[in-house]
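What follows is a short report on a single structure.
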Amino acid sequence: MPDLLDPRAGRGDPVGAAARGATTIADRVVAKIAAQAAREAIVAVPKDGKPPHASVVVHRDVARVSVSLELDYPADLGHQCGAVRGRVRGRVESLTGIEVHEVAVHVERLHSAHTAHDRKRGRLA
């Protein structure tokens, strides 16, 4: 028995799935997903630091992501950058279906508790 709520019921599918169109995800949406994933991957945004920012270039179904972030120091920078790369790649691919070929992580600034203490007195260590 045909489904009475389906307008195509009983007629077959006159237009194939490929001919009906495609879903396009804007680069800025992918960048927001990447920035959120980077925030999730780092232990914490440094005090007085900026949250991670991402820019993305999507060509067809392939993305190249660039993430800029600030980290606390001392820390295992290589481990944190690797965690950011993995998290960003995984989240973008799982949420958008876009394959991520490259995730470049740029550490813009390192925040040291010692430097922050000395900055309050007007000098840098």
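FYI, nothing fancy with the structure tokens labels: chains A, B, ... in order, residues from 1 per chain, ligands from 1 as they appear.
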DSSP alpha helix (DSSP H) residues within region 35-116 of chain A, as a ChimeraX atom specification = /A:35-41,77-96,113-116
Using only C-alpha atoms, determine which residues lie at most 10 Å from His111 (chain A), disregarding the query and same-chain residues fewer than 2 positions distant; provide the list as JSON, numbers by chain.
-> {"A": [45, 46, 47, 48, 49, 70, 71, 72, 73, 74, 109, 113, 114, 115, 116]}
Would you write out those residues with all heavy atoms, as a compact mmCIF listing (two decimals), in the first residue's frame?
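Here's the written file again32.txt:
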```txt
# COMPACT_ATOMS: atom_id res chain seq x y z
N VAL A 45 42.55 27.30 27.65
CA VAL A 45 43.00 28.54 27.04
C VAL A 45 43.75 29.30 28.13
O VAL A 45 43.26 29.44 29.25
CB VAL A 45 41.80 29.37 26.53
CG1 VAL A 45 42.25 30.73 26.02
CG2 VAL A 45 41.06 28.61 25.45
N PRO A 46 44.97 29.78 27.84
CA PRO A 46 45.74 30.48 28.86
C PRO A 46 45.00 31.70 29.39
O PRO A 46 44.23 32.34 28.66
CB PRO A 46 47.01 30.91 28.12
CG PRO A 46 47.10 30.03 26.93
CD PRO A 46 45.69 29.68 26.58
N LYS A 47 45.24 32.00 30.66
CA LYS A 47 44.66 33.19 31.26
C LYS A 47 45.17 34.39 30.45
O LYS A 47 46.35 34.45 30.10
CB LYS A 47 45.09 33.31 32.72
CG LYS A 47 44.45 34.45 33.44
CD LYS A 47 44.88 34.49 34.88
CE LYS A 47 44.26 35.69 35.56
NZ LYS A 47 44.75 35.85 36.91
N ASP A 48 44.32 35.32 30.13
CA ASP A 48 44.64 36.48 29.29
C ASP A 48 44.97 36.09 27.86
O ASP A 48 45.51 36.89 27.10
CB ASP A 48 45.80 37.30 29.87
CG ASP A 48 45.49 37.84 31.25
OD1 ASP A 48 44.31 38.12 31.51
OD2 ASP A 48 46.43 37.97 32.06
N GLY A 49 44.66 34.86 27.47
CA GLY A 49 44.93 34.41 26.11
C GLY A 49 43.68 34.45 25.25
O GLY A 49 42.56 34.51 25.75
N GLU A 70 47.12 30.04 21.25
CA GLU A 70 48.06 30.43 22.29
C GLU A 70 48.08 29.31 23.32
O GLU A 70 47.04 28.73 23.63
CB GLU A 70 47.64 31.76 22.92
CG GLU A 70 47.61 32.90 21.93
CD GLU A 70 47.22 34.24 22.54
OE1 GLU A 70 47.08 34.32 23.79
OE2 GLU A 70 47.05 35.19 21.78
N LEU A 71 49.28 29.00 23.84
CA LEU A 71 49.42 27.90 24.79
C LEU A 71 50.14 28.36 26.04
O LEU A 71 50.92 29.31 26.02
CB LEU A 71 50.22 26.76 24.15
CG LEU A 71 49.59 26.08 22.94
CD1 LEU A 71 50.58 25.09 22.32
CD2 LEU A 71 48.30 25.37 23.32
N ASP A 72 49.88 27.64 27.14
CA ASP A 72 50.64 27.86 28.37
C ASP A 72 52.03 27.29 28.20
O ASP A 72 52.25 26.33 27.47
CB ASP A 72 49.94 27.18 29.56
CG ASP A 72 48.80 28.00 30.12
OD1 ASP A 72 48.91 29.25 30.10
OD2 ASP A 72 47.81 27.41 30.57
N TYR A 73 52.99 27.90 28.90
CA TYR A 73 54.37 27.41 28.86
C TYR A 73 54.86 27.37 30.29
O TYR A 73 54.57 28.28 31.06
CB TYR A 73 55.23 28.36 28.03
CG TYR A 73 56.64 27.86 27.86
CD1 TYR A 73 56.92 26.91 26.91
CD2 TYR A 73 57.65 28.32 28.68
CE1 TYR A 73 58.20 26.42 26.75
CE2 TYR A 73 58.94 27.84 28.54
CZ TYR A 73 59.21 26.90 27.57
OH TYR A 73 60.47 26.41 27.43
N PRO A 74 55.57 26.39 30.72
CA PRO A 74 56.08 25.24 29.98
C PRO A 74 55.01 24.17 29.81
O PRO A 74 54.14 24.00 30.65
CB PRO A 74 57.22 24.72 30.84
CG PRO A 74 56.87 25.12 32.23
CD PRO A 74 56.08 26.40 32.10
N ARG A 109 51.50 32.51 20.46
CA ARG A 109 52.06 33.07 21.69
C ARG A 109 52.13 32.00 22.76
O ARG A 109 51.24 31.15 22.83
CB ARG A 109 51.18 34.23 22.14
CG ARG A 109 51.69 34.98 23.33
CD ARG A 109 50.80 36.19 23.58
NE ARG A 109 51.23 36.86 24.78
CZ ARG A 109 50.52 37.75 25.42
NH1 ARG A 109 49.35 38.11 24.96
NH2 ARG A 109 50.97 38.31 26.50
N ALA A 113 53.49 31.61 33.38
CA ALA A 113 53.02 32.17 34.65
C ALA A 113 54.06 33.13 35.21
O ALA A 113 53.72 34.17 35.78
CB ALA A 113 52.73 31.05 35.64
N HIS A 114 55.34 32.83 35.04
CA HIS A 114 56.41 33.69 35.53
C HIS A 114 56.41 35.03 34.79
O HIS A 114 56.53 36.09 35.40
CB HIS A 114 57.77 32.99 35.35
CG HIS A 114 58.91 33.79 35.88
ND1 HIS A 114 59.62 34.64 35.09
CD2 HIS A 114 59.45 33.87 37.12
CE1 HIS A 114 60.56 35.23 35.81
NE2 HIS A 114 60.48 34.77 37.05
N THR A 115 56.25 35.02 33.49
CA THR A 115 56.24 36.24 32.70
C THR A 115 55.02 37.08 33.05
O THR A 115 55.11 38.30 33.16
CB THR A 115 56.23 35.93 31.19
OG1 THR A 115 57.35 35.10 30.91
CG2 THR A 115 56.30 37.17 30.36
N ALA A 116 53.88 36.46 33.25
CA ALA A 116 52.67 37.20 33.59
C ALA A 116 52.82 37.90 34.92
O ALA A 116 52.38 39.03 35.10
CB ALA A 116 51.46 36.25 33.62
```
List every residue of region 32-78 of chain A that DSSP, applied to the backbone of this structure, places in strand (DSSP E), and write the result as JSON, numbers by chain.
-> {"A": [53, 54, 55, 56, 57, 58, 59, 62, 63, 64, 65, 66, 67, 68, 69, 70, 71, 72, 73]}
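The residue that comes closest to Val88 (chain A), out of A:His106, A:Thr24, A:Gly16, A:Ala54 and on the basis of only C-alpha atoms, is A:Ala54.
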Go through region 78-110 of chain A residue by residue and, counting only C-alpha atoms, keep those with an atom at most 6 Å from region 32-42 of chain A; for each kept residue give the shortest atom pair and its distance in Å to one decimal, ordered by chain and increasing number, as JSON lines.
```
{"residue": "A:Ala83", "atom": "CA", "partner": "A:Ala41", "partner_atom": "CA", "distance": 5.9}
{"residue": "A:Val84", "atom": "CA", "partner": "A:Ala38", "partner_atom": "CA", "distance": 5.2}
{"residue": "A:Arg87", "atom": "CA", "partner": "A:Ala37", "partner_atom": "CA", "distance": 5.9}
{"residue": "A:Val88", "atom": "CA", "partner": "A:Ala37", "partner_atom": "CA", "distance": 5.1}
```
Would you kindly return, as an MDAnalysis selection string, each protein, DNA or RNA residue with an atom no farther than 10 Å from any atom of Ala26 (chain A), considering only C-alpha atoms and excluding same-chain residues fewer than 4 positions away?
-> chainID A and resid 30:31 56:58
Print the selection's residues with all heavy atoms to a file, as a PDB file, in the first residue's frame.
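And here is the file that came out, part.pdb:
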```
ATOM      1  N   VAL A  30      32.958  25.472   8.435  1.00  0.00           N
ATOM      2  CA  VAL A  30      34.008  24.483   8.693  1.00  0.00           C
ATOM      3  C   VAL A  30      35.064  25.085   9.617  1.00  0.00           C
ATOM      4  O   VAL A  30      35.570  24.415  10.518  1.00  0.00           O
ATOM      5  CB  VAL A  30      34.629  23.984   7.372  1.00  0.00           C
ATOM      6  CG1 VAL A  30      35.729  22.969   7.637  1.00  0.00           C
ATOM      7  CG2 VAL A  30      33.554  23.373   6.471  1.00  0.00           C
ATOM      8  N   ALA A  31      35.385  26.368   9.443  1.00  0.00           N
ATOM      9  CA  ALA A  31      36.367  27.043  10.305  1.00  0.00           C
ATOM     10  C   ALA A  31      35.877  27.107  11.751  1.00  0.00           C
ATOM     11  O   ALA A  31      36.655  26.919  12.685  1.00  0.00           O
ATOM     12  CB  ALA A  31      36.662  28.447   9.777  1.00  0.00           C
ATOM     13  N   VAL A  56      39.963  28.099   6.883  1.00  0.00           N
ATOM     14  CA  VAL A  56      39.800  26.877   6.107  1.00  0.00           C
ATOM     15  C   VAL A  56      39.667  27.212   4.631  1.00  0.00           C
ATOM     16  O   VAL A  56      39.031  28.205   4.267  1.00  0.00           O
ATOM     17  CB  VAL A  56      38.533  26.104   6.570  1.00  0.00           C
ATOM     18  CG1 VAL A  56      38.277  24.895   5.712  1.00  0.00           C
ATOM     19  CG2 VAL A  56      38.645  25.717   8.020  1.00  0.00           C
ATOM     20  N   VAL A  57      40.253  26.369   3.806  1.00  0.00           N
ATOM     21  CA  VAL A  57      40.036  26.426   2.370  1.00  0.00           C
ATOM     22  C   VAL A  57      39.485  25.061   1.968  1.00  0.00           C
ATOM     23  O   VAL A  57      40.129  24.040   2.197  1.00  0.00           O
ATOM     24  CB  VAL A  57      41.345  26.723   1.606  1.00  0.00           C
ATOM     25  CG1 VAL A  57      41.104  26.660   0.108  1.00  0.00           C
ATOM     26  CG2 VAL A  57      41.904  28.074   2.012  1.00  0.00           C
ATOM     27  N   VAL A  58      38.275  25.073   1.404  1.00  0.00           N
ATOM     28  CA  VAL A  58      37.644  23.832   0.966  1.00  0.00           C
ATOM     29  C   VAL A  58      37.575  23.855  -0.559  1.00  0.00           C
ATOM     30  O   VAL A  58      37.073  24.818  -1.152  1.00  0.00           O
ATOM     31  CB  VAL A  58      36.228  23.672   1.552  1.00  0.00           C
ATOM     32  CG1 VAL A  58      35.583  22.389   1.052  1.00  0.00           C
ATOM     33  CG2 VAL A  58      36.270  23.693   3.071  1.00  0.00           C
TER      34      VAL A  58
END
```
Could you state the separation of CA of Ser94 (chain A) and CA of Gly21 (chain A) in Å, given to one decimal place?
->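 CA of Gly21 (chain A) lies at a distance of 21.4 Å from CA of Ser94 (chain A).
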